[in-house]
Amino acid sequence: QDGIDEKDGIVEKDGRMRPWPSCGKNKTLRYVSEYDHVCTEDLICLHDSKAEFIPSEDLCNGIETCGNENAICTISLGWEVLGKKQQKNLDEEKHLFHCLKGLSELQRLTSPCVHAAFRHNKENLFGMSEKTDRLFLPMKKHNCSHLYGELYVYIACMGLCEGTVKCPLTEKVRYDSCMGQYPRRIYTTQNQQDLVFLLKSRGIYHSDVFVCDNNRCIDYSKVCNLVDDCDDNSDEINCANAFRCEKSRETLVRTRVCDGFIDCRDMSDECNSRCSREIINNMPLTVFAWIIGFLAVIFNLVMIIDNVAKLGNCRTPMVLLNKILVLLISIGDFLVGGYLIIISLQDAMRKKHYCSIHREWITHTFCSVLGVLSTFGSQISLFAMTALSFARYVGIRNA
C-alpha cells in the first residue's frame with residue numbers, strides 16, 4: 001500500500017532492509033510475524049491435506065493433533081527416556097540402568113538383566129493389573145547413594161542396594177489414605193480383609209502412591225529426591241541417599257557433607273565424627289605435640305636455670321655473649337614447647353565440640369596470645385642461633 005516492495009524484508013525508517021523473521025530451515029523454513037517469536041523444534045503435520053507446523057511436544061501426547069500420529073507413535077516411538085530409566089509405552093515395562101533396547105552387549109559385559117514385578121505392599125490385592133510395575137533391571141546390587149526418586153524406590157524396595165538400605169515405602173495404601181486426593185479412586189480389598197483403593201491410568205489399575213505420615217500422598221518420583229514434598233519430611237526420612245542435619249532436619253546431598261562449607265543451620269554437616277574438625281586433626285600429630293612439648297619445656301627450663309646461674313662466672317665478653325645467646329635459644333624453645341602443651345591441652349578439652357566453636361576459638365584473644373607466644377619464641381630462637389653462629393665464626397677467625 002505504501003508503494004515499497006517488502007518481499008525480501010522490512011524497510012526501516014532509515015532506509016535499511018531488515019530480513020523477515022523466520023524459523024526452521026530447508027523444508028521447515030517459514031516466516032513468523034514477530035521478531036521475539038521463540039522458534040521451537042516444530043514438525044510438519046499433514047492435516048486434511050494441509051501442511052501445518054506444530055511443536056514436537058504436541059506429538060504422541062494422546063491427542064490427535066494431525067489426525068493419526070498416535071497410531072504411528074505406538075509403533076515407531078515405543079521408547080521414552082525418563083532420567084536413568086527407560087519406559088516402554090507398549091506394556092508399561094520400565095527398563096532401569098543399562099537394561100535398555102539395543103544395549104545387549106553392555107548387559108552381557110556388566111550384569112545380565114531380568115524381568116521382575118514390583119509388588120511391595122501389593123500382595124493379594126484384588127483387581128491389581130498384572131502389567132503394573134513390570135521392571136527389567138540388572139541382577140547385581142548398586143550403590144544407592146546417588147539414586148533419587150522413582151529409581152531409588154524401585155531399587156531399594158527390590159533389595160538391590162548395597163549395604164543395609166531400607167525400603168522407603170513403610171506405609172500401606174488404605175481406604176482412608178490420601179483424603180481429598182484422587183476423587184476417581186476405586187475401592188477394593190487386600191488379603192480378603194483390608195479395604196484399600198486403586199487408581200486407573202491408561203487402562204491399568206495400580207496403587208503407585210507413597211503415603212506420607214500426615215496422610216498426604218505423592219508419586220514415587222517425589223520420594224527420596226531431597227525435597228520435602230510431604231510437608232512433614234516423611235518422604236525423605238528413610239532414604240539412604242541423603243544426609244539429614246541432626247537438629248534442623250534439613251536434607252542435603254551427600255557430596256555437601258565435609259566439603260568445608262556449612263549448609264546445616266546446626267552445622268552438623270561439618271561438625272561430626274566424619275569430618276574430623278579438631279585443633280589437631282590426627283592422633284599421631286597429637287602424640288607428637290605432647291611429647292615434643294614436654295621435652296622442650298623440661299630440658300630448656302634446665303638450660304635456662306643453668307645458664308642464668310653461670311652468667312656471673314663469665315670472664316671475657318665473648319664467653320658472656322655466648323651464654324646470653326644460648327640462654328635466648330633456651331627461652332625461645334621453652335616458649336614454643338609451652339605453646340605445644342597448651343594447644344594439645346585445648347585440643348583435648350574441646351575435641352567433641354570444637355567444630356561448633358571454631359570461629360569463636362580462632363577469633364578469641366587467648367588464641368591470639370598463643371599465636372604471638374609461638375611466633376615470639378620461634379623468632380627469638382632463630383635470631384639467637386644466627387647470632388651465635390656468627391659469633392662462633394668470628395671467634396674461629398680471630399683465633
# chains A, B, ... in the order shown; residues from 1 in each chain; ligands from 1
>>> residues_around(residues="Leu335 in chain A", least_positions_apart="5", cutoff="7 Å", atoms="only C-alpha atoms", output="list in words")
Leu373, Ser374 and Gly377 of chain A
>>> residues_around(residues="Thr164 in chain A", least_positions_apart="2", cutoff="12 Å", atoms="only C-alpha atoms", output="ChimeraX atom specification")
/A:141-145,156-157,159-162,166-167,238-240
>>> residues_around(residues="Ile292 in chain A", least_positions_apart="4", cutoff="9 Å", atoms="only C-alpha atoms", output="ChimeraX atom specification")
/A:287-288,296-297,337,340-341
>>> closest_residue(among="A:Asn313, A:Ser344, A:Ser177, A:Thr251", to="Leu285 in chain A", atoms="only C-alpha atoms")
A:Ser344
>>> residues_around(residues="Met303 in chain A", least_positions_apart="2", cutoff="12 Å", atoms="only C-alpha atoms", output="list in words")
Ala296, Val297, Ile298, Phe299, Asn300, Leu301, Ile305, Asp306, Asn307, Val308, Ala309, Lys310, Lys323, Ile324, Leu325, Val326, Leu327, Leu328, Ile329, Ser330, Ile331, Gly332, Asp333 and Phe334 of chain A
>>> write_last_selection(atoms="C-alpha atoms", output="PDB file, in the first residue's frame")
ATOM      1  CA  ALA A 296      61.115 -28.842  75.184  1.00  0.00           C
ATOM      2  CA  VAL A 297      59.748 -27.364  78.412  1.00  0.00           C
ATOM      3  CA  ILE A 298      61.692 -29.666  80.753  1.00  0.00           C
ATOM      4  CA  PHE A 299      65.130 -29.582  79.075  1.00  0.00           C
ATOM      5  CA  ASN A 300      65.024 -25.894  78.171  1.00  0.00           C
ATOM      6  CA  LEU A 301      63.948 -24.991  81.706  1.00  0.00           C
ATOM      7  CA  ILE A 305      68.398 -22.174  85.159  1.00  0.00           C
ATOM      8  CA  ASP A 306      71.931 -23.411  84.425  1.00  0.00           C
ATOM      9  CA  ASN A 307      72.840 -20.502  82.133  1.00  0.00           C
ATOM     10  CA  VAL A 308      71.411 -17.861  84.480  1.00  0.00           C
ATOM     11  CA  ALA A 309      73.447 -19.316  87.342  1.00  0.00           C
ATOM     12  CA  LYS A 310      76.663 -19.202  85.284  1.00  0.00           C
ATOM     13  CA  LYS A 323      75.999 -17.630  77.403  1.00  0.00           C
ATOM     14  CA  ILE A 324      73.393 -14.928  76.651  1.00  0.00           C
ATOM     15  CA  LEU A 325      72.721 -16.283  73.169  1.00  0.00           C
ATOM     16  CA  VAL A 326      72.366 -19.862  74.462  1.00  0.00           C
ATOM     17  CA  LEU A 327      70.006 -18.522  77.127  1.00  0.00           C
ATOM     18  CA  LEU A 328      67.894 -16.791  74.459  1.00  0.00           C
ATOM     19  CA  ILE A 329      67.727 -20.025  72.434  1.00  0.00           C
ATOM     20  CA  SER A 330      66.536 -21.903  75.537  1.00  0.00           C
ATOM     21  CA  ILE A 331      63.920 -19.237  76.277  1.00  0.00           C
ATOM     22  CA  GLY A 332      62.595 -19.349  72.687  1.00  0.00           C
ATOM     23  CA  ASP A 333      62.378 -23.151  72.637  1.00  0.00           C
ATOM     24  CA  PHE A 334      60.773 -23.093  76.099  1.00  0.00           C
TER      25      PHE A 334
END
>>> select_by_dssp(residues="range 149-391 of chain A", states="strand (DSSP E or B)", output="MDAnalysis selection string")
chainID A and resid 161 186:190 194:201 204:206 210:211 217:218 242:244 251:253
>>> residues_around(residues="Tyr175 in chain A", least_positions_apart="5", cutoff="10 Å", atoms="only C-alpha atoms", output="VMD selection string")
chain A and resid 185 to 189 194 to 198
>>> residues_around(residues="Gly260 in chain A", least_positions_apart="6", cutoff="10 Å", atoms="only C-alpha atoms", output="number ranges by chain")
A: 269-270, 275, 277
>>> write_last_selection(atoms="N, CA and C atoms", output="mmCIF file, in the first residue's frame")
data_model
loop_
_atom_site.group_PDB
_atom_site.id
_atom_site.type_symbol
_atom_site.label_atom_id
_atom_site.label_comp_id
_atom_site.auth_asym_id
_atom_site.auth_seq_id
_atom_site.Cartn_x
_atom_site.Cartn_y
_atom_site.Cartn_z
ATOM 1 N N ASP A 269 26.591 -30.881 59.295
ATOM 2 C CA ASP A 269 27.195 -31.433 58.084
ATOM 3 C C ASP A 269 28.710 -31.282 58.090
ATOM 4 N N GLU A 270 29.231 -30.388 58.912
ATOM 5 C CA GLU A 270 30.677 -30.219 59.036
ATOM 6 C C GLU A 270 31.178 -30.606 60.424
ATOM 7 N N CYS A 275 34.028 -35.647 59.673
ATOM 8 C CA CYS A 275 34.784 -34.512 59.150
ATOM 9 C C CYS A 275 36.081 -34.264 59.911
ATOM 10 N N ARG A 277 36.919 -32.240 62.462
ATOM 11 C CA ARG A 277 37.269 -30.831 62.639
ATOM 12 C C ARG A 277 37.749 -30.630 64.074
#
>>> residues_around(residues="Asn241 in chain A", least_positions_apart="3", cutoff="10 Å", atoms="only C-alpha atoms", output="PyMOL selection string")
chain A and resi 143-148+152+165+224-226+236+238+244+251-254
>>> closest_residue(among="A:Leu137, A:Ile357, A:Ala116, A:Leu311", to="His98 in chain A", atoms="only C-alpha atoms")
A:Leu137
>>> closest_residue(among="A:Cys212, A:Cys245, A:Val319, A:Leu295", to="Asp229 in chain A", atoms="only C-alpha atoms")
A:Cys212
>>> closest_residue(among="A:Glu93, A:Glu360, A:Asp231, A:Glu278", to="Gln346 in chain A", atoms="only C-alpha atoms")
A:Glu278
>>> select_by_dssp(residues="range 151-289 of chain A", states="alpha helix (DSSP H)", output="list in words")
Leu151, Tyr152, Val153, Tyr154, Ile155, Ala156, Cys157, Met283, Pro284, Leu285, Thr286, Val287, Phe288 and Ala289 of chain A
>>> write_last_selection(atoms="all heavy atoms", output="short mmCIF file (atom, residue, chain, number, x, y, z; two decimals), in the first residue's frame")
data_model
loop_
_atom_site.label_atom_id
_atom_site.label_comp_id
_atom_site.auth_asym_id
_atom_site.auth_seq_id
_atom_site.Cartn_x
_atom_site.Cartn_y
_atom_site.Cartn_z
N LEU A 151 13.47 -44.22 40.71
CA LEU A 151 14.53 -45.21 40.55
C LEU A 151 15.02 -45.71 41.89
O LEU A 151 15.23 -46.92 42.09
CB LEU A 151 15.68 -44.61 39.74
CG LEU A 151 16.86 -45.54 39.44
CD1 LEU A 151 16.40 -46.74 38.64
CD2 LEU A 151 17.95 -44.79 38.68
N TYR A 152 15.19 -44.80 42.85
CA TYR A 152 15.62 -45.20 44.19
C TYR A 152 14.58 -46.11 44.84
O TYR A 152 14.93 -47.10 45.48
CB TYR A 152 15.86 -43.97 45.06
CG TYR A 152 16.29 -44.30 46.47
CD1 TYR A 152 17.64 -44.43 46.78
CD2 TYR A 152 15.36 -44.49 47.49
CE1 TYR A 152 18.05 -44.74 48.07
CE2 TYR A 152 15.76 -44.81 48.77
CZ TYR A 152 17.09 -44.93 49.05
OH TYR A 152 17.49 -45.25 50.33
N VAL A 153 13.30 -45.78 44.70
CA VAL A 153 12.23 -46.57 45.31
C VAL A 153 12.27 -48.00 44.78
O VAL A 153 12.23 -48.97 45.55
CB VAL A 153 10.86 -45.93 45.04
CG1 VAL A 153 9.75 -46.85 45.50
CG2 VAL A 153 10.76 -44.60 45.77
N TYR A 154 12.36 -48.15 43.46
CA TYR A 154 12.36 -49.48 42.88
C TYR A 154 13.57 -50.30 43.32
O TYR A 154 13.44 -51.46 43.75
CB TYR A 154 12.33 -49.39 41.35
CG TYR A 154 11.00 -48.97 40.78
CD1 TYR A 154 10.91 -48.02 39.78
CD2 TYR A 154 9.82 -49.53 41.25
CE1 TYR A 154 9.69 -47.62 39.26
CE2 TYR A 154 8.59 -49.13 40.74
CZ TYR A 154 8.54 -48.19 39.75
OH TYR A 154 7.33 -47.81 39.24
N ILE A 155 14.77 -49.71 43.24
CA ILE A 155 15.99 -50.45 43.55
C ILE A 155 16.06 -50.79 45.04
O ILE A 155 16.41 -51.91 45.43
CB ILE A 155 17.23 -49.64 43.12
CG1 ILE A 155 17.22 -49.43 41.61
CG2 ILE A 155 18.50 -50.35 43.54
CD1 ILE A 155 17.24 -50.69 40.80
N ALA A 156 15.70 -49.83 45.91
CA ALA A 156 15.77 -50.07 47.36
C ALA A 156 14.75 -51.11 47.80
O ALA A 156 15.06 -52.00 48.60
CB ALA A 156 15.56 -48.76 48.11
N CYS A 157 13.53 -51.02 47.30
CA CYS A 157 12.48 -51.95 47.72
C CYS A 157 12.61 -53.32 47.07
O CYS A 157 11.99 -54.28 47.54
CB CYS A 157 11.11 -51.35 47.42
SG CYS A 157 10.74 -49.84 48.35
N MET A 283 45.67 -38.30 65.43
CA MET A 283 46.26 -38.80 66.67
C MET A 283 47.78 -38.80 66.66
O MET A 283 48.40 -38.41 67.67
CB MET A 283 45.72 -40.21 66.94
CG MET A 283 46.20 -40.80 68.27
SD MET A 283 45.81 -39.74 69.69
CE MET A 283 44.02 -39.83 69.67
N PRO A 284 48.48 -39.25 65.59
CA PRO A 284 49.95 -39.20 65.63
C PRO A 284 50.49 -37.79 65.86
O PRO A 284 51.46 -37.62 66.61
CB PRO A 284 50.35 -39.73 64.25
CG PRO A 284 49.21 -40.60 63.84
CD PRO A 284 48.00 -39.93 64.38
N LEU A 285 49.86 -36.80 65.24
CA LEU A 285 50.31 -35.42 65.44
C LEU A 285 50.04 -34.96 66.86
O LEU A 285 50.83 -34.21 67.45
CB LEU A 285 49.60 -34.51 64.43
CG LEU A 285 50.12 -33.07 64.34
CD1 LEU A 285 51.57 -33.06 63.93
CD2 LEU A 285 49.29 -32.27 63.34
N THR A 286 48.93 -35.41 67.44
CA THR A 286 48.62 -35.06 68.83
C THR A 286 49.66 -35.63 69.79
O THR A 286 50.16 -34.93 70.68
CB THR A 286 47.22 -35.58 69.20
OG1 THR A 286 46.25 -35.03 68.31
CG2 THR A 286 46.86 -35.20 70.63
N VAL A 287 49.99 -36.91 69.60
CA VAL A 287 51.01 -37.56 70.45
C VAL A 287 52.36 -36.87 70.28
O VAL A 287 53.08 -36.62 71.26
CB VAL A 287 51.11 -39.06 70.09
CG1 VAL A 287 52.25 -39.72 70.86
CG2 VAL A 287 49.79 -39.77 70.39
N PHE A 288 52.72 -36.55 69.03
CA PHE A 288 53.98 -35.87 68.75
C PHE A 288 54.03 -34.51 69.45
O PHE A 288 55.06 -34.12 70.01
CB PHE A 288 54.14 -35.72 67.24
CG PHE A 288 55.45 -35.11 66.83
CD1 PHE A 288 56.61 -35.85 66.82
CD2 PHE A 288 55.52 -33.77 66.44
CE1 PHE A 288 57.82 -35.29 66.45
CE2 PHE A 288 56.71 -33.20 66.06
CZ PHE A 288 57.87 -33.96 66.06
N ALA A 289 52.90 -33.77 69.42
CA ALA A 289 52.86 -32.44 70.06
C ALA A 289 53.04 -32.55 71.57
O ALA A 289 53.76 -31.75 72.18
CB ALA A 289 51.54 -31.75 69.73
#
